[in-house]
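Here is the file entry.cif (mmCIF, C-alpha atoms and all ligand atoms).
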data_model
#
loop_
_atom_site.label_atom_id
_atom_site.label_comp_id
_atom_site.auth_asym_id
_atom_site.auth_seq_id
_atom_site.Cartn_x
_atom_site.Cartn_y
_atom_site.Cartn_z
CA MET A 1 7.31 -17.51 27.87
CA LEU A 2 6.94 -13.92 26.69
CA GLU A 3 10.05 -11.85 27.29
CA VAL A 4 9.78 -8.09 27.14
CA SER A 5 12.63 -5.63 27.19
CA VAL A 6 11.91 -2.04 26.15
CA ARG A 7 13.53 1.36 26.44
CA HIS A 8 11.79 4.55 25.46
CA ARG A 9 12.03 8.23 26.30
CA PHE A 10 9.26 10.78 26.47
CA GLU A 11 10.09 14.27 27.59
CA GLY A 12 10.38 13.94 31.38
CA PHE A 13 9.87 10.17 31.47
CA ALA A 14 12.21 7.28 30.73
CA LEU A 15 10.99 3.73 30.40
CA ASP A 16 13.60 1.04 30.85
CA ALA A 17 11.82 -2.18 31.68
CA ALA A 18 12.57 -5.85 31.24
CA PHE A 19 10.44 -8.71 32.49
CA LYS A 20 9.24 -12.22 31.74
CA ALA A 21 5.60 -13.20 31.56
CA PRO A 22 5.21 -16.94 32.32
CA PRO A 23 1.88 -18.71 31.61
CA GLY A 24 -1.09 -17.32 33.51
CA VAL A 25 -1.81 -13.70 34.35
CA THR A 26 1.13 -11.32 34.54
CA VAL A 27 0.03 -8.09 36.19
CA LEU A 28 1.87 -4.86 35.53
CA PHE A 29 1.34 -3.16 38.87
CA GLY A 30 2.34 0.36 39.80
CA ARG A 31 1.16 3.83 40.56
CA SER A 32 -0.27 6.18 38.00
CA GLY A 33 2.46 7.27 35.59
CA SER A 34 4.78 4.33 36.31
CA GLY A 35 4.71 3.25 32.66
CA LYS A 36 2.17 0.40 32.57
CA THR A 37 0.19 1.61 29.56
CA THR A 38 3.36 2.59 27.72
CA ILE A 39 4.55 -1.02 28.03
CA ILE A 40 1.19 -2.39 26.86
CA ASN A 41 1.32 -0.02 23.89
CA THR A 42 4.75 -1.28 22.87
CA VAL A 43 3.54 -4.89 23.07
CA ALA A 44 0.44 -3.98 21.06
CA GLY A 45 2.57 -2.26 18.43
CA LEU A 46 0.88 1.10 19.00
CA LEU A 47 4.13 2.66 20.23
CA MET A 48 7.50 1.99 18.64
CA PRO A 49 10.06 2.12 21.46
CA ASP A 50 13.53 3.58 20.97
CA SER A 51 14.88 0.06 21.39
CA GLY A 52 13.70 -3.30 22.62
CA ARG A 53 12.80 -6.90 22.05
CA ILE A 54 9.43 -8.57 22.63
CA ALA A 55 9.35 -12.28 21.90
CA SER A 56 8.23 -15.68 23.04
CA GLY A 57 10.36 -18.48 21.65
CA ASP A 58 10.39 -18.11 17.87
CA TRP A 59 7.38 -15.74 17.95
CA CYS A 60 8.99 -12.34 17.70
CA LEU A 61 6.88 -9.17 17.75
CA LEU A 62 9.70 -6.70 17.93
CA ASP A 63 13.45 -6.74 17.77
CA THR A 64 14.84 -3.32 17.05
CA GLU A 65 18.35 -4.73 16.69
CA SER A 66 17.45 -7.06 13.85
CA GLY A 67 14.80 -4.72 12.43
CA ILE A 68 11.74 -6.91 13.22
CA ARG A 69 8.63 -4.81 13.78
CA LEU A 70 5.41 -6.72 13.31
CA LYS A 71 2.43 -4.55 12.42
CA PRO A 72 -0.21 -4.39 15.19
CA HIS A 73 -2.78 -6.46 13.24
CA ARG A 74 -0.22 -9.22 12.64
CA ARG A 75 0.68 -9.65 16.31
CA ARG A 76 -2.14 -12.09 17.16
CA LEU A 77 -3.17 -10.23 20.30
CA GLY A 78 -6.56 -10.12 21.99
CA TYR A 79 -7.50 -6.82 23.64
CA ILE A 80 -9.73 -6.13 26.61
CA PHE A 81 -10.09 -2.43 27.27
CA GLN A 82 -11.60 -0.48 30.13
CA GLU A 83 -14.81 0.33 28.25
CA GLY A 84 -15.35 -2.92 26.37
CA ARG A 85 -15.43 -1.15 22.97
CA LEU A 86 -18.05 -3.42 21.43
CA PHE A 87 -19.68 -2.48 18.13
CA PRO A 88 -22.99 -0.89 19.16
CA HIS A 89 -24.81 -1.79 15.93
CA LEU A 90 -23.94 -5.50 16.15
CA THR A 91 -25.55 -8.09 18.41
CA VAL A 92 -23.48 -9.97 20.97
CA ARG A 93 -23.37 -12.94 18.59
CA GLN A 94 -22.07 -10.71 15.78
CA ASN A 95 -19.53 -9.03 18.06
CA LEU A 96 -18.20 -12.48 18.98
CA ALA A 97 -18.12 -13.52 15.30
CA TYR A 98 -16.10 -10.38 14.57
CA GLY A 99 -13.41 -11.65 16.97
CA ALA A 100 -13.40 -15.08 15.28
CA TRP A 101 -13.13 -13.42 11.86
CA PHE A 102 -9.65 -12.18 12.82
CA ALA A 103 -8.42 -15.62 13.82
CA PRO A 104 -5.96 -17.02 11.28
CA LYS A 105 -7.49 -19.97 9.44
CA ASP A 106 -4.85 -22.43 10.67
CA ALA A 107 -4.78 -21.21 14.31
CA PRO A 108 -6.11 -23.47 17.06
CA ARG A 109 -9.44 -21.88 17.89
CA ALA A 110 -11.61 -21.87 20.95
CA SER A 111 -15.16 -22.96 20.10
CA THR A 112 -17.78 -20.22 20.30
CA ALA A 113 -20.01 -22.51 22.37
CA GLY A 114 -17.18 -23.16 24.84
CA VAL A 115 -16.40 -19.45 25.21
CA VAL A 116 -20.09 -18.54 25.57
CA ASP A 117 -20.37 -21.15 28.29
CA LEU A 118 -17.15 -20.06 30.06
CA LEU A 119 -18.41 -16.50 30.25
CA GLY A 120 -22.10 -17.27 30.91
CA ILE A 121 -23.34 -15.07 28.03
CA GLY A 122 -25.62 -17.55 26.24
CA HIS A 123 -28.75 -15.59 27.16
CA LEU A 124 -27.29 -12.35 25.78
CA LEU A 125 -26.43 -13.45 22.24
CA ASP A 126 -29.26 -11.61 20.46
CA ARG A 127 -28.93 -8.34 22.40
CA ARG A 128 -27.04 -5.28 21.27
CA PRO A 129 -24.44 -3.70 23.60
CA GLY A 130 -26.85 -0.86 24.48
CA ALA A 131 -29.00 -3.42 26.31
CA LEU A 132 -26.14 -4.88 28.38
CA SER A 133 -24.85 -3.90 31.81
CA GLY A 134 -21.21 -2.77 32.12
CA GLY A 135 -20.25 -6.18 33.50
CA GLU A 136 -22.03 -8.06 30.72
CA LYS A 137 -20.32 -5.90 28.09
CA GLN A 138 -16.98 -6.74 29.60
CA ARG A 139 -17.75 -10.48 29.51
CA VAL A 140 -18.60 -10.18 25.81
CA ALA A 141 -15.38 -8.24 25.23
CA ILE A 142 -13.43 -11.06 26.88
CA GLY A 143 -15.22 -13.56 24.62
CA ARG A 144 -14.47 -11.54 21.51
CA ALA A 145 -10.79 -11.37 22.47
CA LEU A 146 -10.63 -15.13 23.11
CA LEU A 147 -12.30 -16.01 19.81
CA SER A 148 -9.68 -14.13 17.81
CA ALA A 149 -7.33 -17.05 18.68
CA PRO A 150 -4.78 -14.75 20.29
CA ARG A 151 -1.32 -15.84 21.38
CA LEU A 152 -1.50 -13.26 24.14
CA ILE A 153 -4.31 -11.22 25.69
CA LEU A 154 -3.70 -7.60 26.70
CA ALA A 155 -6.05 -6.28 29.38
CA ASP A 156 -5.54 -2.62 30.28
CA GLU A 157 -7.37 -1.86 33.54
CA PRO A 158 -10.43 -3.79 32.32
CA LEU A 159 -12.31 -3.29 35.60
CA ALA A 160 -11.42 0.31 36.32
CA ALA A 161 -14.68 1.74 34.98
CA LEU A 162 -16.90 -0.66 36.95
CA ASP A 163 -18.35 -0.24 40.43
CA GLU A 164 -17.57 -2.72 43.22
CA ALA A 165 -20.57 -4.95 42.47
CA ARG A 166 -19.70 -5.22 38.78
CA LYS A 167 -16.04 -5.88 39.64
CA ALA A 168 -17.15 -8.73 41.89
CA GLU A 169 -19.21 -10.08 38.98
CA ILE A 170 -16.34 -10.01 36.47
CA LEU A 171 -13.36 -11.10 38.56
CA PRO A 172 -14.42 -14.78 38.66
CA TYR A 173 -14.47 -14.81 34.84
CA PHE A 174 -10.90 -13.54 34.73
CA GLU A 175 -10.03 -16.25 37.26
CA ARG A 176 -11.57 -18.85 34.94
CA LEU A 177 -9.65 -17.38 32.04
CA ARG A 178 -6.44 -17.75 34.03
CA ASP A 179 -7.19 -21.28 35.25
CA GLU A 180 -8.98 -22.84 32.26
CA VAL A 181 -7.61 -21.15 29.14
CA SER A 182 -4.00 -21.53 28.14
CA VAL A 183 -3.56 -18.07 26.59
CA PRO A 184 -1.21 -15.90 28.67
CA ILE A 185 -2.58 -12.55 29.80
CA LEU A 186 -0.73 -9.29 30.33
CA TYR A 187 -2.94 -7.31 32.69
CA VAL A 188 -2.56 -3.72 33.85
CA SER A 189 -3.88 -2.76 37.25
CA HIS A 190 -3.30 -0.45 40.16
CA SER A 191 -5.87 -2.17 42.37
CA PRO A 192 -4.29 -4.31 45.12
CA SER A 193 -7.30 -6.65 45.43
CA GLU A 194 -7.35 -7.30 41.70
CA VAL A 195 -3.64 -8.04 41.70
CA ALA A 196 -3.89 -10.32 44.74
CA ARG A 197 -6.75 -12.27 43.21
CA LEU A 198 -5.60 -12.59 39.63
CA ALA A 199 -1.85 -12.38 39.32
CA THR A 200 0.20 -15.48 38.70
CA THR A 201 3.17 -13.17 38.32
CA VAL A 202 3.49 -9.56 39.46
CA VAL A 203 5.75 -7.08 37.69
CA ALA A 204 6.02 -4.08 40.01
CA LEU A 205 6.83 -0.82 38.25
CA ASP A 206 8.04 2.47 39.58
CA ALA A 207 8.96 5.48 37.43
CA GLY A 208 9.45 3.42 34.28
CA ARG A 209 11.53 0.67 35.91
CA VAL A 210 10.77 -2.83 37.10
CA VAL A 211 11.41 -2.85 40.85
CA ALA A 212 10.37 -6.46 41.41
CA GLN A 213 8.95 -9.41 39.53
CA GLY A 214 7.92 -12.86 40.64
CA PRO A 215 5.03 -14.94 42.01
CA ALA A 216 2.22 -12.81 43.46
CA ALA A 217 2.66 -13.96 47.09
CA GLU A 218 6.36 -13.19 46.96
CA VAL A 219 6.12 -9.69 45.47
CA LEU A 220 3.04 -8.59 47.45
CA GLY A 221 4.56 -9.95 50.68
CA ASN A 222 7.78 -7.97 50.30
CA PRO A 223 7.64 -4.85 52.49
CA GLY A 224 10.51 -3.34 50.52
CA ILE A 225 8.41 -3.02 47.36
CA LEU A 226 4.82 -1.96 48.04
CA PRO A 227 4.01 -0.81 44.48
CA ALA A 228 0.76 0.84 45.60
CA GLY A 229 2.29 2.44 48.73
CA ALA A 230 2.25 1.47 52.42
CA ARG A 231 -1.42 2.40 52.89
CA GLU A 232 -2.45 -0.19 50.30
CA ALA A 233 -0.02 -2.91 51.40
CA GLY A 234 -1.38 -6.40 51.85
CA ALA A 235 -0.15 -9.97 51.54
CA VAL A 236 -1.90 -12.80 49.76
CA LEU A 237 -2.43 -16.24 51.29
CA THR A 238 -3.45 -19.47 49.60
CA ALA A 239 -5.94 -21.59 51.52
CA ARG A 240 -8.47 -24.39 51.18
CA VAL A 241 -12.13 -24.17 52.16
CA ALA A 242 -12.41 -26.49 55.17
CA ARG A 243 -16.03 -25.95 56.17
CA HIS A 244 -19.00 -23.66 55.75
CA HIS A 245 -20.55 -23.05 59.17
CA ALA A 246 -24.23 -22.50 59.87
CA ASP A 247 -23.60 -19.07 61.39
CA GLY A 248 -22.53 -17.58 58.05
CA LEU A 249 -18.80 -18.11 58.40
CA THR A 250 -16.43 -20.10 56.22
CA GLU A 251 -13.48 -21.80 57.86
CA LEU A 252 -10.34 -22.06 55.75
CA ASP A 253 -7.33 -24.24 56.21
CA ALA A 254 -4.40 -21.93 55.59
CA GLY A 255 -1.27 -24.05 55.87
CA GLY A 256 -2.80 -25.93 58.80
CA LEU A 257 -4.07 -22.77 60.54
CA PRO A 258 -7.80 -22.06 60.75
CA LEU A 259 -8.85 -18.78 59.13
CA PHE A 260 -12.45 -17.62 59.41
CA LEU A 261 -14.04 -15.41 56.76
CA PRO A 262 -17.56 -14.23 56.03
CA LYS A 263 -19.13 -16.99 53.89
CA VAL A 264 -17.46 -17.41 50.49
CA PRO A 265 -19.07 -18.99 47.40
CA GLN A 266 -16.34 -21.58 46.78
CA PRO A 267 -17.25 -25.18 47.73
CA GLU A 268 -15.66 -27.12 50.57
CA GLY A 269 -12.31 -28.45 49.41
CA GLY A 270 -11.90 -25.58 46.89
CA ARG A 271 -8.72 -23.55 46.84
CA LEU A 272 -8.73 -19.83 47.17
CA ARG A 273 -6.61 -16.77 47.61
CA VAL A 274 -7.17 -14.26 50.34
CA ARG A 275 -5.72 -10.78 50.51
CA ILE A 276 -5.08 -9.62 54.06
CA ALA A 277 -4.68 -5.83 54.10
CA ALA A 278 -1.74 -4.75 56.29
CA HIS A 279 -3.82 -2.08 58.05
CA ASP A 280 -6.31 -4.76 59.19
CA VAL A 281 -3.68 -6.73 61.12
CA ILE A 282 -2.98 -6.21 64.84
CA LEU A 283 0.15 -7.70 66.40
CA SER A 284 0.54 -9.16 69.87
CA ARG A 285 3.58 -10.79 71.46
CA ALA A 286 1.46 -12.97 73.78
CA ARG A 287 -1.33 -15.11 72.40
CA PRO A 288 -4.38 -12.98 73.18
CA GLU A 289 -7.35 -14.38 75.05
CA GLY A 290 -10.89 -13.11 75.45
CA LEU A 291 -10.70 -11.36 72.10
CA SER A 292 -13.55 -10.95 69.61
CA ALA A 293 -11.29 -11.43 66.59
CA LEU A 294 -11.41 -15.04 65.42
CA ASN A 295 -8.16 -15.26 63.52
CA ILE A 296 -4.90 -15.51 65.43
CA LEU A 297 -1.91 -16.51 63.33
CA PRO A 298 1.31 -17.21 65.23
CA GLY A 299 4.44 -16.21 63.34
CA VAL A 300 7.97 -14.94 63.41
CA VAL A 301 9.04 -11.44 62.39
CA HIS A 302 10.95 -11.47 59.13
CA GLU A 303 11.51 -7.75 58.72
CA VAL A 304 10.40 -4.39 60.11
CA ARG A 305 10.41 -1.66 57.52
CA PRO A 306 9.89 1.86 58.89
CA GLY A 307 7.98 4.25 56.64
CA GLU A 308 8.57 7.96 56.17
CA GLY A 309 5.89 8.89 58.72
CA PRO A 310 5.14 7.29 62.10
CA GLY A 311 4.24 3.92 60.58
CA ALA A 312 6.12 0.74 59.87
CA ILE A 313 5.34 -2.39 57.91
CA VAL A 314 6.10 -5.61 59.75
CA ALA A 315 6.51 -8.74 57.62
CA LEU A 316 5.98 -11.98 59.49
CA ASP A 317 6.14 -15.57 58.41
CA THR A 318 3.31 -17.81 59.56
CA CYS A 319 2.33 -21.37 58.60
CA ALA A 320 -0.35 -19.75 56.42
CA GLY A 321 2.29 -17.74 54.55
CA ARG A 322 3.73 -14.24 54.67
CA VAL A 323 1.54 -11.67 56.45
CA LEU A 324 2.13 -7.91 56.49
CA ALA A 325 1.01 -5.65 59.35
CA ARG A 326 0.98 -1.87 59.29
CA ILE A 327 1.55 -0.54 62.79
CA THR A 328 3.26 2.49 64.34
CA ARG A 329 7.02 2.52 64.80
CA ARG A 330 6.30 3.26 68.44
CA SER A 331 4.41 -0.05 68.82
CA ALA A 332 7.13 -1.92 66.97
CA ASN A 333 9.67 -0.57 69.49
CA VAL A 334 7.48 -1.18 72.55
CA LEU A 335 6.82 -4.77 71.44
CA GLY A 336 10.49 -5.33 70.64
CA LEU A 337 9.71 -6.44 67.11
CA VAL A 338 12.98 -7.43 65.51
CA PRO A 339 13.68 -10.21 63.01
CA GLY A 340 13.17 -13.55 64.71
CA ALA A 341 10.76 -12.25 67.37
CA GLU A 342 7.71 -14.42 67.93
CA VAL A 343 4.44 -12.61 67.43
CA HIS A 344 0.74 -13.22 66.75
CA ALA A 345 -1.12 -11.63 63.87
CA ILE A 346 -4.75 -10.90 64.67
CA VAL A 347 -7.17 -10.49 61.76
CA LYS A 348 -10.82 -9.64 62.18
CA THR A 349 -13.02 -11.94 60.12
CA VAL A 350 -15.20 -9.13 58.85
CA SER A 351 -12.24 -7.05 57.71
CA VAL A 352 -11.75 -9.34 54.71
CA ALA A 353 -13.89 -7.89 51.91
CA PRO A 354 -15.50 -10.11 49.23
CA LEU A 355 -13.30 -8.50 46.56
CA ASP A 356 -10.25 -9.74 48.49
CA VAL A 357 -11.19 -13.40 48.18
CA GLY A 358 -10.83 -15.25 44.90
CA GLY A 359 -10.97 -18.81 43.66
CA GLY A 360 -8.28 -21.14 42.40
CA GLY A 361 -4.94 -20.03 41.04
CA ARG A 362 -2.05 -20.98 43.23
CA THR A 363 0.23 -18.13 44.17
CA LYS A 364 3.30 -20.39 43.94
CA ARG A 365 4.54 -19.36 47.30
N1 LIG B 401 2.66 10.07 24.06
C1 LIG B 401 3.28 10.55 25.13
N2 LIG B 401 4.03 11.67 25.07
C2 LIG B 401 4.69 12.12 26.15
N3 LIG B 401 4.64 11.54 27.38
C3 LIG B 401 3.88 10.43 27.51
C4 LIG B 401 3.16 9.88 26.40
N4 LIG B 401 2.52 8.79 26.84
C5 LIG B 401 2.79 8.65 28.15
N5 LIG B 401 3.62 9.64 28.56
C6 LIG B 401 4.17 9.82 29.92
O1 LIG B 401 4.80 8.61 30.29
C7 LIG B 401 4.59 8.35 31.69
C8 LIG B 401 4.00 6.96 31.86
O2 LIG B 401 2.68 6.95 31.37
P1 LIG B 401 1.78 5.64 31.35
O3 LIG B 401 0.47 6.00 30.74
O4 LIG B 401 2.54 4.53 30.74
O5 LIG B 401 1.61 5.35 32.91
P2 LIG B 401 0.62 4.35 33.64
O6 LIG B 401 1.44 3.62 34.64
O7 LIG B 401 -0.11 3.52 32.62
O8 LIG B 401 -0.37 5.34 34.35
P3 LIG B 401 -1.97 5.25 34.64
O9 LIG B 401 -2.12 4.20 35.69
O10 LIG B 401 -2.31 6.61 35.12
O11 LIG B 401 -2.62 4.88 33.34
C9 LIG B 401 3.71 9.47 32.20
O12 LIG B 401 4.53 10.41 32.83
C10 LIG B 401 3.08 10.03 30.94
O13 LIG B 401 2.80 11.40 31.10
#

Spit out the file's structure as C-alpha cells when you get a sec.
Amino acid sequence: MLEVSVRHRFEGFALDAAFKAPPGVTVLFGRSGSGKTTIINTVAGLLMPDSGRIASGDWCLLDTESGIRLKPHRRRLGYIFQEGRLFPHLTVRQNLAYGAWFAPKDAPRASTAGVVDLLGIGHLLDRRPGALSGGEKQRVAIGRALLSAPRLILADEPLAALDEARKAEILPYFERLRDEVSVPILYVSHSPSEVARLATTVVALDAGRVVAQGPAAEVLGNPGILPAGAREAGAVLTARVARHHADGLTELDAGGLPLFLPKVPQPEGGRLRVRIAAHDVILSRARPEGLSALNILPGVVHEVRPGEGPGAIVALDTCAGRVLARITRRSANVLGLVPGAEVHAIVKTVSVAPLDVGGGGRTKR
C-alpha cells in the first residue's frame, strides 16, 4: 500500500498531508487550492517537498530523512493528464508503443491487445490524435499509461476538460481500470459524482491538510467533512440491479430496499454505486402516501449538522446505507429531527443523473 507523508511550504500555503492509498482508486478530493496537485507533483517527483516520505513496501520514491529521491523517470508512474497529451504526429498505435517503450524489460507487462480491448480503441489504432474526439484521446492516454507497466497511475483531473457526454463515455473505462487492473491509481478530482463513482478510498483535503480518509461511502456520508461544501454534499449507496421494467425504470435492491432509477445500462444482477445528492432528498416523519416520488427509504437520524446559513445536513442511516439530506434548520426543528428519530428519506427517481450511477466497485461500507 502506498504511504504518502509530505510537508511543504509555499508563500501563503502550507501542505502537511499524510495518507495511505490502498489498492484501487484513491481520490484526492478538495476545493480548488486545497493542495491536490501539489501532492501529485511530489509523488511524480516534479516538486521536491521540504520533507516527506513516499513509499510502498520496499519501493521507496522519496525519503528526505535518508536522502532517497528517485528521479521522476525512475519512479515507474503512469500519467493521465487533463488534456491527454498524446504525440500529434504519431498514430494511436505508435502512441501506445511509446508507453510500452518506457516499461522496464523485466516488469510484468499488460499486453497491448488486452489494453486495446479494455479501452475499446481497436478501431482507432491507425488514426492520429487530431482525428480523435476528446473522449477517445483520453482512452488512448489511459492505454499509453497502462502499457508503461507502471506501479502507480497518477490521474490529475483527467475528465475536467470534457463535457458531460464525454465524461459519461470515459467514466466506465476508469471503472474497468479500477476493477480489472491491479495497478493502484491516485486520482485528483473536485467533482462529487466522479468521486462517488470511482473512489475506493477518499482522501479529503482542506487548506493543505487531510481532514478525512477512508472508504468512499464513509467519507462522503460524513456530514462533518463535506470536502466540496454543503451544496455539493451527497452520499453513495451500493446496490444490485434487481429488474429492468418495461416503462423505462430500473429497480435496484439497495440493502433490501427497492430503489427506482431511470434505466441504467448495467445488467440484472450487476452491482452499482449510486450517488444521492443531499439537496434531492426530502424528509418526512410519517411514511408519506399518495406521493409521486417512488423512493421512500425509512431510516434513523444519525446526526444533524447545521450550516452557516439557514440550512442543515441531516445524516440518516437506512438499510440501503447512509443518506444525507440538505434541508432548512427550521424544518429540522419542526420535525424534531434529533439523533435516533425515525424518519423517511424521499428521493425522486428522475433526480438521479446518469453521471451519478456507476458500475461495480464496492464502497466497502
Ligand atoms: N509553485 C508554486 N509557488 C507558490 N505557490 C504555489 C505553487 N504551486 C501551488 N501553489 C499554491 O499552493 C496552493 C495549493 O495549490 P494546488 O495546485 O496544489 O491546489 P489544488 O487543490 O490542486 O487546486 P485546483 O483544484 O485549483 O487545481 C495554492 O494556494 C497555490 O496557489

Residues within 12 Å of Leu162 in chain A, please, as a tab-separated table (two decimals) with C-alpha atoms, keeping the file's coordinate frame. Count all atoms listed in the file; anything in the same chain fewer than 3 positions from it doesn't count.
chain	number	residue	atom	x	y	z
A	81	PHE	CA	-10.09	-2.43	27.27
A	82	GLN	CA	-11.60	-0.48	30.13
A	83	GLU	CA	-14.81	0.33	28.25
A	84	GLY	CA	-15.35	-2.92	26.37
A	133	SER	CA	-24.85	-3.90	31.81
A	134	GLY	CA	-21.21	-2.77	32.12
A	135	GLY	CA	-20.25	-6.18	33.50
A	136	GLU	CA	-22.03	-8.06	30.72
A	137	LYS	CA	-20.32	-5.90	28.09
A	138	GLN	CA	-16.98	-6.74	29.60
A	157	GLU	CA	-7.37	-1.86	33.54
A	158	PRO	CA	-10.43	-3.79	32.32
A	159	LEU	CA	-12.31	-3.29	35.60
A	165	ALA	CA	-20.57	-4.95	42.47
A	166	ARG	CA	-19.70	-5.22	38.78
A	167	LYS	CA	-16.04	-5.88	39.64
A	168	ALA	CA	-17.15	-8.73	41.89
A	169	GLU	CA	-19.21	-10.08	38.98
A	170	ILE	CA	-16.34	-10.01	36.47
A	171	LEU	CA	-13.36	-11.10	38.56

Report task. Would you list the residues that come within 10 Å of ligand LIG 401 (chain B)? Count all atoms listed in the file and give the answer as a PyMOL selection string. Result -> chain A and resi 8-15+28-41+47+156-157+188-191+205-208

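Shortest separation to Thr328 in chain A among A:Glu303, A:Asp163, A:Glu3, A:Glu308 occurs at residue A:Glu308, atoms counted being all atoms listed in the file.
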
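All residues that come within 12 Å of the coordinates (4.3, -16.7, 19.5), counting all atoms listed in the file, are given as A:Met1, A:Leu2, A:Glu3, A:Ile54, A:Ala55, A:Ser56, A:Gly57, A:Asp58, A:Trp59, A:Cys60, A:Leu61, A:Leu62, A:Leu70, A:Arg74, A:Arg75, A:Arg76, A:Leu77, A:Ala107, A:Ala149, A:Pro150, A:Arg151, A:Leu152, A:Ile153, A:Val183, A:Pro184.
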
Write out, as a PDB file, in the frame of the given file, the residues just selected, with C-alpha atoms.
ATOM      1  CA  MET A   1       7.310 -17.510  27.870  1.00  0.00           C
ATOM      2  CA  LEU A   2       6.940 -13.920  26.690  1.00  0.00           C
ATOM      3  CA  GLU A   3      10.050 -11.850  27.290  1.00  0.00           C
ATOM      4  CA  ILE A  54       9.430  -8.570  22.630  1.00  0.00           C
ATOM      5  CA  ALA A  55       9.350 -12.280  21.900  1.00  0.00           C
ATOM      6  CA  SER A  56       8.230 -15.680  23.040  1.00  0.00           C
ATOM      7  CA  GLY A  57      10.360 -18.480  21.650  1.00  0.00           C
ATOM      8  CA  ASP A  58      10.390 -18.110  17.870  1.00  0.00           C
ATOM      9  CA  TRP A  59       7.380 -15.740  17.950  1.00  0.00           C
ATOM     10  CA  CYS A  60       8.990 -12.340  17.700  1.00  0.00           C
ATOM     11  CA  LEU A  61       6.880  -9.170  17.750  1.00  0.00           C
ATOM     12  CA  LEU A  62       9.700  -6.700  17.930  1.00  0.00           C
ATOM     13  CA  LEU A  70       5.410  -6.720  13.310  1.00  0.00           C
ATOM     14  CA  ARG A  74      -0.220  -9.220  12.640  1.00  0.00           C
ATOM     15  CA  ARG A  75       0.680  -9.650  16.310  1.00  0.00           C
ATOM     16  CA  ARG A  76      -2.140 -12.090  17.160  1.00  0.00           C
ATOM     17  CA  LEU A  77      -3.170 -10.230  20.300  1.00  0.00           C
ATOM     18  CA  ALA A 107      -4.780 -21.210  14.310  1.00  0.00           C
ATOM     19  CA  ALA A 149      -7.330 -17.050  18.680  1.00  0.00           C
ATOM     20  CA  PRO A 150      -4.780 -14.750  20.290  1.00  0.00           C
ATOM     21  CA  ARG A 151      -1.320 -15.840  21.380  1.00  0.00           C
ATOM     22  CA  LEU A 152      -1.500 -13.260  24.140  1.00  0.00           C
ATOM     23  CA  ILE A 153      -4.310 -11.220  25.690  1.00  0.00           C
ATOM     24  CA  VAL A 183      -3.560 -18.070  26.590  1.00  0.00           C
ATOM     25  CA  PRO A 184      -1.210 -15.900  28.670  1.00  0.00           C
TER      26      PRO A 184
END

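Relative to CA of Asp280 in chain A, CA of Arg231 in chain A is found at 10.7 Å.
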
Do you know which residues lie at most 12 Å from (-16.4, -22.4, 46.8), with coordinates as in the file and all atoms listed in the file counted, and could you write them as a PDB file with C-alpha atoms, keeping the file's coordinate frame?
ATOM      1  CA  PRO A 172     -14.420 -14.780  38.660  1.00  0.00           C
ATOM      2  CA  ALA A 239      -5.940 -21.590  51.520  1.00  0.00           C
ATOM      3  CA  ARG A 240      -8.470 -24.390  51.180  1.00  0.00           C
ATOM      4  CA  VAL A 241     -12.130 -24.170  52.160  1.00  0.00           C
ATOM      5  CA  ALA A 242     -12.410 -26.490  55.170  1.00  0.00           C
ATOM      6  CA  ARG A 243     -16.030 -25.950  56.170  1.00  0.00           C
ATOM      7  CA  HIS A 244     -19.000 -23.660  55.750  1.00  0.00           C
ATOM      8  CA  THR A 250     -16.430 -20.100  56.220  1.00  0.00           C
ATOM      9  CA  GLU A 251     -13.480 -21.800  57.860  1.00  0.00           C
ATOM     10  CA  LEU A 252     -10.340 -22.060  55.750  1.00  0.00           C
ATOM     11  CA  LYS A 263     -19.130 -16.990  53.890  1.00  0.00           C
ATOM     12  CA  VAL A 264     -17.460 -17.410  50.490  1.00  0.00           C
ATOM     13  CA  PRO A 265     -19.070 -18.990  47.400  1.00  0.00           C
ATOM     14  CA  GLN A 266     -16.340 -21.580  46.780  1.00  0.00           C
ATOM     15  CA  PRO A 267     -17.250 -25.180  47.730  1.00  0.00           C
ATOM     16  CA  GLU A 268     -15.660 -27.120  50.570  1.00  0.00           C
ATOM     17  CA  GLY A 269     -12.310 -28.450  49.410  1.00  0.00           C
ATOM     18  CA  GLY A 270     -11.900 -25.580  46.890  1.00  0.00           C
ATOM     19  CA  ARG A 271      -8.720 -23.550  46.840  1.00  0.00           C
ATOM     20  CA  LEU A 272      -8.730 -19.830  47.170  1.00  0.00           C
ATOM     21  CA  ARG A 273      -6.610 -16.770  47.610  1.00  0.00           C
ATOM     22  CA  VAL A 357     -11.190 -13.400  48.180  1.00  0.00           C
ATOM     23  CA  GLY A 358     -10.830 -15.250  44.900  1.00  0.00           C
ATOM     24  CA  GLY A 359     -10.970 -18.810  43.660  1.00  0.00           C
ATOM     25  CA  GLY A 360      -8.280 -21.140  42.400  1.00  0.00           C
TER      26      GLY A 360
END

Report task. Considering only C-alpha atoms, state which residue in the set A:Pro306, A:Gly143, A:Gly256, A:Pro72 is at the smallest distance from Gly99 in chain A. Result -> A:Gly143

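Counting all atoms listed in the file and comparing A:Ile346, A:Val334, A:Leu186, A:Leu46, the residue that lies closest to Glu289 in chain A is A:Ile346.
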
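Residue nearest Gln213 in chain A, chosen from A:Val301, A:Val140, A:Val274, A:Lys20 and counting only C-alpha atoms: A:Lys20.
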
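The residue that comes closest to Ala21 in chain A, out of A:Ile225, A:Glu194, A:Val236, A:Ile185 and on the basis of all atoms listed in the file, is A:Ile185.
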
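In this model, the gap between CA of Ala312 in chain A and CA of Val343 in chain A comes to 15.4 Å.
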
Report task. For Ser331 in chain A, list every protein, DNA or RNA residue within 10 Å, evaluated using only C-alpha atoms, and leave out those in the same chain fewer than 2 positions away; present the list as number ranges by chain. Result -> A: 283-284, 310-312, 327-329, 333-337

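Of the residues listed (A:Leu316, A:Val203, A:Arg93, A:Glu232), A:Val203 shows the shortest atom-to-atom separation from Val219 in chain A; distances use all atoms listed in the file.
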
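As for CA of Gly321 in chain A and CA of Val211 in chain A, they are spaced 22.2 Å apart.
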
Give me the box for range 13-26 of chain A as AutoDock Vina command-line options, namely the centre and edge lengths in Å to one decimal of a box along x, y and z that holds every listed atom plus 4 Å on each side.
--center_x 5.9 --center_y -4.3 --center_z 32.5 --size_x 23.4 --size_y 36.9 --size_z 12.1

Requested in this report: Name all residues at most 12 Å from Val300 in chain A (count all atoms listed in the file; drop same-chain ones fewer than 5 positions away) and give them as a PyMOL selection string.
Outcome: chain A and resi 283-285+314-324+337-345
